[in-house]
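As provided, my_file_22.cif (mmCIF, C-alpha atoms) reads as follows.
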```cif
data_query
loop_
_atom_site.label_atom_id
_atom_site.label_comp_id
_atom_site.auth_asym_id
_atom_site.auth_seq_id
_atom_site.Cartn_x
_atom_site.Cartn_y
_atom_site.Cartn_z
CA MET A 1 -64.60 -34.62 42.10
CA GLY A 2 -63.95 -35.89 45.61
CA ILE A 3 -62.90 -34.84 49.11
CA THR A 4 -59.72 -32.79 48.85
CA ILE A 5 -57.23 -31.04 51.15
CA HIS A 6 -55.89 -27.79 49.68
CA TYR A 7 -52.79 -26.21 51.18
CA THR A 8 -50.70 -23.12 50.38
CA LEU A 9 -47.64 -22.55 52.57
CA ILE A 10 -45.38 -19.53 52.04
CA THR A 11 -42.22 -18.60 53.94
CA ARG A 12 -39.06 -16.53 53.59
CA ASP A 13 -37.24 -18.80 56.05
CA TYR A 14 -35.28 -21.60 54.36
CA LYS A 15 -35.01 -23.46 57.69
CA THR A 16 -38.79 -23.77 57.65
CA VAL A 17 -38.61 -25.28 54.17
CA VAL A 18 -36.07 -27.87 55.34
CA LEU A 19 -38.10 -28.61 58.48
CA SER A 20 -41.25 -29.17 56.41
CA ILE A 21 -39.63 -31.52 53.90
CA LEU A 22 -37.67 -33.56 56.45
CA THR A 23 -40.65 -33.86 58.79
CA ALA A 24 -42.91 -35.07 55.99
CA LYS A 25 -40.28 -37.61 54.91
CA LYS A 26 -39.68 -38.86 58.45
CA LEU A 27 -43.34 -39.21 59.45
CA ALA A 28 -44.23 -40.84 56.12
CA GLY A 29 -41.54 -43.47 56.67
CA GLU A 30 -42.79 -44.15 60.18
CA SER A 31 -46.33 -44.65 58.82
CA GLY A 32 -45.17 -47.00 56.08
CA TYR A 33 -46.12 -44.65 53.25
CA ALA A 34 -44.16 -44.56 49.99
CA VAL A 35 -41.85 -41.54 49.64
CA ARG A 36 -40.40 -40.12 46.46
CA GLU A 37 -37.89 -37.29 46.56
CA ILE A 38 -38.43 -34.39 44.16
CA SER A 39 -35.67 -32.18 42.79
CA GLU A 40 -36.29 -30.83 39.33
CA LYS A 41 -36.05 -27.76 37.18
CA ALA A 42 -39.40 -26.09 36.58
CA TYR A 43 -41.00 -22.82 35.56
CA VAL A 44 -43.39 -20.59 37.47
CA SER A 45 -46.19 -19.07 35.44
CA TYR A 46 -49.88 -18.28 35.97
CA SER A 47 -52.79 -20.65 36.24
CA SER A 48 -55.96 -18.70 35.47
CA PHE A 49 -59.66 -19.29 36.15
CA THR A 50 -62.41 -17.55 34.18
CA LEU A 51 -65.97 -17.44 35.53
CA PRO A 52 -69.22 -15.76 34.42
CA LEU A 53 -70.11 -12.83 36.65
CA LYS A 54 -73.69 -14.09 36.90
CA LEU A 55 -72.52 -17.37 38.43
CA ARG A 56 -70.06 -16.06 41.01
CA LYS A 57 -69.27 -12.59 42.25
CA PRO A 58 -65.63 -11.42 42.06
CA ASP A 59 -65.82 -10.54 45.77
CA TYR A 60 -65.71 -14.26 46.59
CA ASP A 61 -62.49 -14.73 44.65
CA LYS A 62 -60.95 -11.56 46.06
CA GLU A 63 -61.56 -12.85 49.57
CA TYR A 64 -60.00 -16.18 48.61
CA LEU A 65 -56.89 -14.44 47.21
CA ARG A 66 -56.57 -12.33 50.36
CA GLU A 67 -56.89 -15.36 52.63
CA VAL A 68 -54.56 -17.68 50.73
CA TRP A 69 -52.10 -15.32 49.05
CA ARG A 70 -52.43 -12.22 51.26
CA GLY A 71 -53.54 -10.00 48.41
CA TYR A 72 -53.88 -9.53 44.67
CA ARG A 73 -53.34 -7.02 41.86
CA GLU A 74 -56.23 -5.66 39.86
CA GLU A 75 -54.42 -5.86 36.55
CA VAL A 76 -53.63 -8.57 34.03
CA LEU A 77 -50.08 -9.90 34.40
CA THR A 78 -48.21 -12.24 32.08
CA ASP A 79 -45.01 -12.58 34.13
CA VAL A 80 -44.97 -13.48 37.83
CA PRO A 81 -43.32 -10.63 39.81
CA ASP A 82 -40.65 -11.29 42.46
CA GLU A 83 -42.57 -9.48 45.19
CA PRO A 84 -46.11 -10.13 46.45
CA PRO A 85 -48.92 -9.91 45.78
CA TRP A 86 -48.52 -12.36 42.91
CA PRO A 87 -52.17 -13.16 42.06
CA TRP A 88 -54.20 -10.87 39.83
CA ILE A 89 -57.88 -10.43 39.11
CA ALA A 90 -59.63 -8.62 36.27
CA ILE A 91 -63.33 -7.84 35.80
CA ASP A 92 -64.96 -8.08 32.36
CA TYR A 93 -61.97 -10.04 31.17
CA PRO A 94 -61.36 -11.69 28.75
CA GLU A 95 -64.75 -10.33 27.64
CA PRO A 96 -67.69 -8.46 29.20
CA GLY A 97 -69.72 -10.55 31.66
CA TYR A 98 -66.76 -12.56 32.90
CA HIS A 99 -64.00 -12.18 35.45
CA THR A 100 -60.63 -13.91 35.60
CA TYR A 101 -58.18 -14.47 38.42
CA ALA A 102 -54.75 -16.09 38.28
CA THR A 103 -52.28 -17.52 40.79
CA PRO A 104 -48.68 -18.77 40.43
CA TRP A 105 -48.27 -22.39 39.41
CA ILE A 106 -45.47 -24.78 38.51
CA ILE A 107 -45.55 -25.38 34.75
CA SER A 108 -43.21 -27.25 32.42
CA GLY A 109 -41.67 -25.36 29.55
CA TYR A 110 -42.20 -21.65 30.10
CA GLY A 111 -42.30 -18.91 32.72
CA LYS A 112 -39.92 -17.89 35.51
CA PRO A 113 -37.17 -20.55 35.99
CA ALA A 114 -37.27 -22.27 39.39
CA ILE A 115 -36.12 -25.37 41.26
CA TYR A 116 -38.92 -27.54 42.63
CA GLU A 117 -37.73 -29.55 45.65
CA GLY A 118 -39.33 -31.71 48.32
CA VAL A 119 -41.01 -35.08 48.74
CA GLU A 120 -44.11 -36.85 47.46
CA VAL A 121 -45.92 -39.18 49.88
CA SER A 122 -48.37 -41.71 48.49
CA ILE A 123 -50.67 -44.64 49.17
CA PRO A 124 -52.28 -46.89 46.52
CA THR A 125 -55.85 -45.62 47.02
CA ALA A 126 -55.49 -41.81 47.02
CA GLU A 127 -53.74 -39.01 45.21
CA PRO A 128 -50.22 -38.30 46.52
CA PHE A 129 -49.45 -35.62 49.07
CA THR A 130 -46.65 -33.30 47.94
CA MET A 131 -44.50 -31.26 50.31
CA ALA A 132 -42.35 -29.45 47.75
CA PHE A 133 -41.40 -25.80 47.37
CA TYR A 134 -40.44 -23.47 44.56
CA ARG A 135 -38.95 -20.01 44.97
CA ILE A 136 -40.16 -16.59 43.82
CA GLY A 137 -37.77 -13.82 44.83
CA GLU A 138 -37.15 -14.24 48.57
CA TYR A 139 -40.23 -16.44 49.10
CA TYR A 140 -40.58 -20.24 49.12
CA ILE A 141 -44.01 -21.55 48.13
CA CYS A 142 -45.70 -24.92 48.54
CA ASP A 143 -49.09 -24.78 46.80
CA ASN A 144 -50.86 -28.05 46.16
CA PHE A 145 -53.83 -30.31 46.94
CA THR A 146 -54.47 -33.97 47.73
CA LYS A 147 -57.69 -35.81 46.94
CA THR A 148 -58.34 -38.51 49.54
CA GLN A 149 -61.82 -39.51 48.31
CA ALA A 150 -62.60 -43.20 48.96
CA PHE A 151 -64.39 -44.95 46.09
CA THR A 152 -65.01 -48.30 47.79
CA VAL A 153 -65.62 -49.55 51.31
CA ASP A 154 -62.15 -51.09 51.43
CA GLU A 155 -60.60 -47.70 50.72
CA VAL A 156 -62.34 -45.88 53.58
CA LYS A 157 -59.95 -46.93 56.35
CA PRO A 158 -56.61 -46.32 54.55
CA ASN A 159 -57.84 -43.07 53.01
CA THR A 160 -59.21 -41.82 56.33
CA GLU A 161 -55.88 -42.55 58.01
CA PHE A 162 -54.03 -40.80 55.17
CA HIS A 163 -56.35 -37.79 55.45
CA LYS A 164 -55.69 -37.61 59.20
CA TRP A 165 -51.95 -38.02 58.65
CA ILE A 166 -51.84 -35.10 56.21
CA CYS A 167 -53.79 -32.89 58.61
CA SER A 168 -51.62 -33.80 61.60
CA LEU A 169 -48.46 -33.01 59.61
CA LEU A 170 -49.84 -29.64 58.48
CA LYS A 171 -50.98 -28.77 62.01
CA PHE A 172 -47.51 -29.52 63.35
CA LEU A 173 -45.84 -27.43 60.66
CA GLU A 174 -48.27 -24.54 61.18
CA GLN A 175 -47.07 -24.26 64.79
CA GLU A 176 -43.38 -24.99 64.26
CA GLY A 177 -42.58 -23.10 61.07
CA ASP A 178 -41.90 -19.41 60.47
CA TRP A 179 -44.61 -18.71 57.92
CA TRP A 180 -45.42 -15.59 55.93
CA SER A 181 -48.75 -17.21 55.00
CA PHE A 182 -50.23 -20.60 55.92
CA PHE A 183 -53.55 -21.81 54.49
CA VAL A 184 -55.29 -25.18 54.70
CA GLY A 185 -58.68 -25.86 53.16
CA ASP A 186 -60.03 -29.26 54.21
CA GLU A 187 -63.27 -30.16 52.45
CA ALA A 188 -63.97 -32.82 55.10
CA GLU A 189 -63.43 -30.18 57.87
CA TYR A 190 -61.27 -32.60 59.88
CA TYR A 191 -58.41 -30.10 60.02
CA TYR A 192 -60.59 -27.70 62.01
CA THR A 193 -62.66 -30.14 64.09
CA LEU A 194 -60.48 -33.28 64.51
CA ASP A 195 -63.75 -35.20 64.11
CA GLU A 196 -62.95 -38.37 62.16
CA SER A 197 -66.63 -39.06 61.44
CA LYS A 198 -66.71 -35.96 59.25
CA ILE A 199 -64.22 -37.58 56.87
CA VAL A 200 -66.29 -40.73 56.39
CA ASP A 201 -69.54 -38.76 56.13
CA SER A 202 -67.92 -36.54 53.49
CA TYR A 203 -66.75 -39.59 51.53
CA GLU A 204 -70.28 -40.97 51.48
CA SER A 205 -71.92 -37.67 50.54
CA VAL A 206 -69.62 -37.16 47.59
CA ALA A 207 -69.81 -40.84 46.61
CA ARG A 208 -73.59 -40.52 46.20
CA ILE A 209 -73.11 -37.69 43.74
CA ILE A 210 -70.28 -39.44 41.88
CA TYR A 211 -72.11 -42.74 41.53
CA THR A 212 -75.41 -41.17 40.51
CA ILE A 213 -73.66 -39.23 37.75
CA ALA A 214 -71.60 -42.28 36.79
CA VAL A 215 -74.69 -44.49 36.47
CA SER A 216 -76.35 -41.94 34.17
CA LEU A 217 -73.21 -41.67 32.06
CA ASP A 218 -72.86 -45.45 31.93
CA LYS A 219 -76.36 -45.87 30.53
CA TYR A 220 -75.46 -43.60 27.64
CA ALA A 221 -72.04 -45.24 27.24
CA GLU A 222 -73.71 -48.65 27.07
CA LYS A 223 -75.83 -47.49 24.15
CA ILE A 224 -72.81 -46.37 22.13
CA GLY A 225 -70.56 -49.27 23.12
CA GLY A 226 -68.43 -47.44 25.71
CA SER A 227 -67.86 -47.81 29.44
CA VAL A 228 -67.46 -45.70 32.58
CA GLU A 229 -65.13 -46.21 35.52
CA VAL A 230 -64.85 -44.43 38.87
CA GLY A 231 -61.44 -43.72 40.31
CA GLY A 232 -59.89 -45.69 37.46
CA ARG A 233 -60.82 -48.91 39.26
CA ILE A 234 -64.57 -49.29 39.73
CA ASP A 235 -66.57 -50.85 36.89
CA ILE A 236 -69.89 -49.01 37.10
CA ARG A 237 -71.78 -51.27 34.70
CA ARG A 238 -70.85 -54.50 36.47
CA LEU A 239 -72.01 -53.20 39.83
CA ARG A 240 -75.11 -51.53 38.36
CA LYS A 241 -76.17 -54.78 36.69
CA LYS A 242 -75.47 -56.76 39.86
CA CYS A 243 -77.77 -54.53 41.87
CA GLU A 244 -80.49 -54.57 39.23
CA GLU A 245 -80.40 -58.36 39.03
CA ALA A 246 -80.45 -58.75 42.81
CA LEU A 247 -83.45 -56.51 43.33
CA GLY A 248 -85.23 -57.06 40.03
CA ARG A 249 -85.35 -53.33 39.41
CA GLN A 250 -83.13 -50.35 38.81
CA VAL A 251 -81.46 -48.75 41.82
CA TYR A 252 -79.04 -45.93 42.40
CA GLN A 253 -76.25 -46.48 44.89
CA SER A 254 -76.50 -44.00 47.75
CA SER A 255 -73.50 -44.82 49.92
CA LEU A 256 -70.14 -46.55 49.79
CA ASP A 257 -71.59 -49.64 51.46
CA GLU A 258 -74.48 -49.93 49.06
CA PHE A 259 -72.31 -49.25 46.06
CA MET A 260 -70.14 -52.20 46.95
CA SER A 261 -73.28 -54.37 47.13
CA ARG A 262 -73.01 -54.93 50.87
CA ARG A 263 -76.65 -53.92 51.47
CA LEU A 264 -78.60 -54.78 48.35
CA ASP A 265 -81.90 -54.81 50.21
CA ARG A 266 -81.97 -51.00 50.50
CA ASP A 267 -82.93 -48.49 47.91
CA GLY A 268 -80.49 -45.71 46.95
#
```
Could you take the file, read its structure, and then write that structure out as structure tokens?
Amino acid sequence: MGITIHYTLITRDYKTVVLSILTAKKLAGESGYAVREISEKAYVSYSSFTLPLKLRKPDYDKEYLREVWRGYREEVLTDVPDEPPWPWIAIDYPEPGYHTYATPWIISGYGKPAIYEGVEVSIPTAEPFTMAFYRIGEYYICDNFTKTQAFTVDEVKPNTEFHKWICSLLKFLEQEGDWWSFFVGDEAEYYYTLDESKIVDSYESVARIIYTIAVSLDKYAEKIGGSVEVGGRIDIRRLRKKCEEALGRQVYQSSLDEFMSRRLDRDG
């Protein structure tokens, strides 16, 4: 859970692939971000998602597949074809009352052999951004996501800058590349609005949900001798106890500031 940028870039032009990788590498170096080159053997297979029909209509997923992958097949496939459309969707599958859709994905060990090449750009406080492509037939595909969610106040600035950097890179490539399909889904909406405040507001909104759930889980974990962390770094129990001791009562953190005990005089 957390604010994420999803991106699916597809081209038949190898020059566009080279432009994308070299531009990401160059701009990352200029921004002081860590860069790791990727060149590895991989396999392309299907990643599938099964949902109850009563929870979400298949029309929603069909629209998603049209927007991101420019189409789909209404049949169950086991092998990824060379020509689009690659995704598939099936109703009442794998059993009545459910529907399943699947899209190509890089997997280790089985599927269509491929070379996965590009760069990975990273900062210490967020998931890495990967500009790497694999090939299906005549098409080169970069399909990935980066979670930039800030879990503490100190992470807001670097993660916001990283979020903006990713969006600026993708906007540049959208205009400069020769794309068969280009999709960006920014949960903070910065990509579409260029409004930085939306990133921070999104971090706080999601943080409230994360911390409320984490506090509830930590209470149960405390009873059975376990513990809960957020983002692999934040000790929920320590901060929960600190707030309770400071106010003499139980509180729920409601924003990044409050969670880091910067404003203990406010309720969550």
Handout entry: region 92-101 of chain A environment, 10 Å, only C-alpha atoms, sequence neighbours closer than 5 positions dropped, as a list of chain:residue names
Key =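 Here the answer would be A:Tyr46, A:Ser47, A:Ser48, A:Phe49, A:Thr50, A:Leu51, A:Pro52, A:Leu53, A:Lys54, A:Leu55, A:Arg56, A:Lys57, A:Pro58, A:Asp61, A:Lys62, A:Leu65, A:Tyr72, A:Arg73, A:Glu74, A:Glu75, A:Val76, A:Pro87.
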Practice task
Can you give me, as a list of chain:residue names, the residues this file yields under the PyMOL selection byres ((chain A and resi 194-198) around 12)?
Solution key: A:Ile3, A:Val156, A:Lys157, A:Asn159, A:Thr160, A:Glu161, A:Phe162, A:His163, A:Lys164, A:Trp165, A:Cys167, A:Ser168, A:Lys171, A:Asp186, A:Glu187, A:Ala188, A:Glu189, A:Tyr190, A:Tyr191, A:Tyr192, A:Thr193, A:Ile199, A:Val200, A:Asp201, A:Ser202, A:Tyr203, A:Glu204, A:Ser205
Exercise for the section: Take the PyMOL selection byres ((chain A and resi 144) around 6), apply it to the structure above, and return the hits as a count of residues only. Expected result: 3
Practice task
For the structure shown, which residues end up in the PyMOL selection byres ((chain A and resi 177) around 9)? Put them as a VMD selection string, please?
Solution key: chain A and resid 11 13 15 to 17 19 to 20 172 to 176 178 to 179
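Here the question is which of A:Asp154, A:Ala42, A:Val184, A:Thr146 gets nearest to Thr8 (chain A) using all atoms listed in the file, and that residue is A:Val184.
With all atoms listed in the file as the basis for measurement, A:Val153 is the residue among A:Ile224, A:Phe133, A:Val153, A:Glu63 that approaches Ala207 (chain A) most closely.
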Practice task
Pick out the residues sitting within 12 Å of Ile136 (chain A), and hand them over as a PyMOL selection string; count only C-alpha atoms, and ignore anything fewer than 6 positions along from it in its own chain.
Solution key: chain A and resi 10-12+42-45+79-86+104-106+111-116+142
Problem - Distance in Å - CA of Ile166 (chain A) versus CA of Tyr14 (chain A) - result: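 Here the two named atoms are 21.4 Å from each other.
Coordinates place CA of Ile123 (chain A) at a distance of 10.6 Å from CA of Ser31 (chain A).
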Exercise for the section: Between CA of Ala126 (chain A) and CA of Ala34 (chain A), measure the distance and give it in Å to one decimal. Expected result: 12.0 Å
For region 78-95 of chain A, I'd like the enclosing box, axis-aligned and padded by 4 Å on every side, reported as JSON with centre and edge lengths in Å to one decimal.
```
{"center_x": -52.8, "center_y": -10.7, "center_z": 37.0, "size_x": 32.3, "size_y": 13.6, "size_z": 26.8}
```
Problem - Given only C-alpha atoms as the counted atoms, nearest of A:Lys26, A:Lys223, A:His6, A:Arg36 to Gly118 (chain A) - result: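 Smallest distance to Gly118 (chain A) is found for A:Arg36.
Among the candidates A:Lys25, A:Ala150, A:Glu117, A:Gly109, the one nearest to Tyr134 (chain A) when counting all atoms listed in the file is A:Glu117.
If you measure from each of A:Arg70, A:Gly29, A:Gly137, A:Pro124 to Glu155 (chain A) using all atoms listed in the file, the closest one turns out to be A:Pro124.
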Exercise for the section: Using all atoms listed in the file, find the one residue out of A:Glu67, A:Val121, A:Tyr110, A:Glu127 that sits nearest to Trp180 (chain A). Expected result: A:Glu67
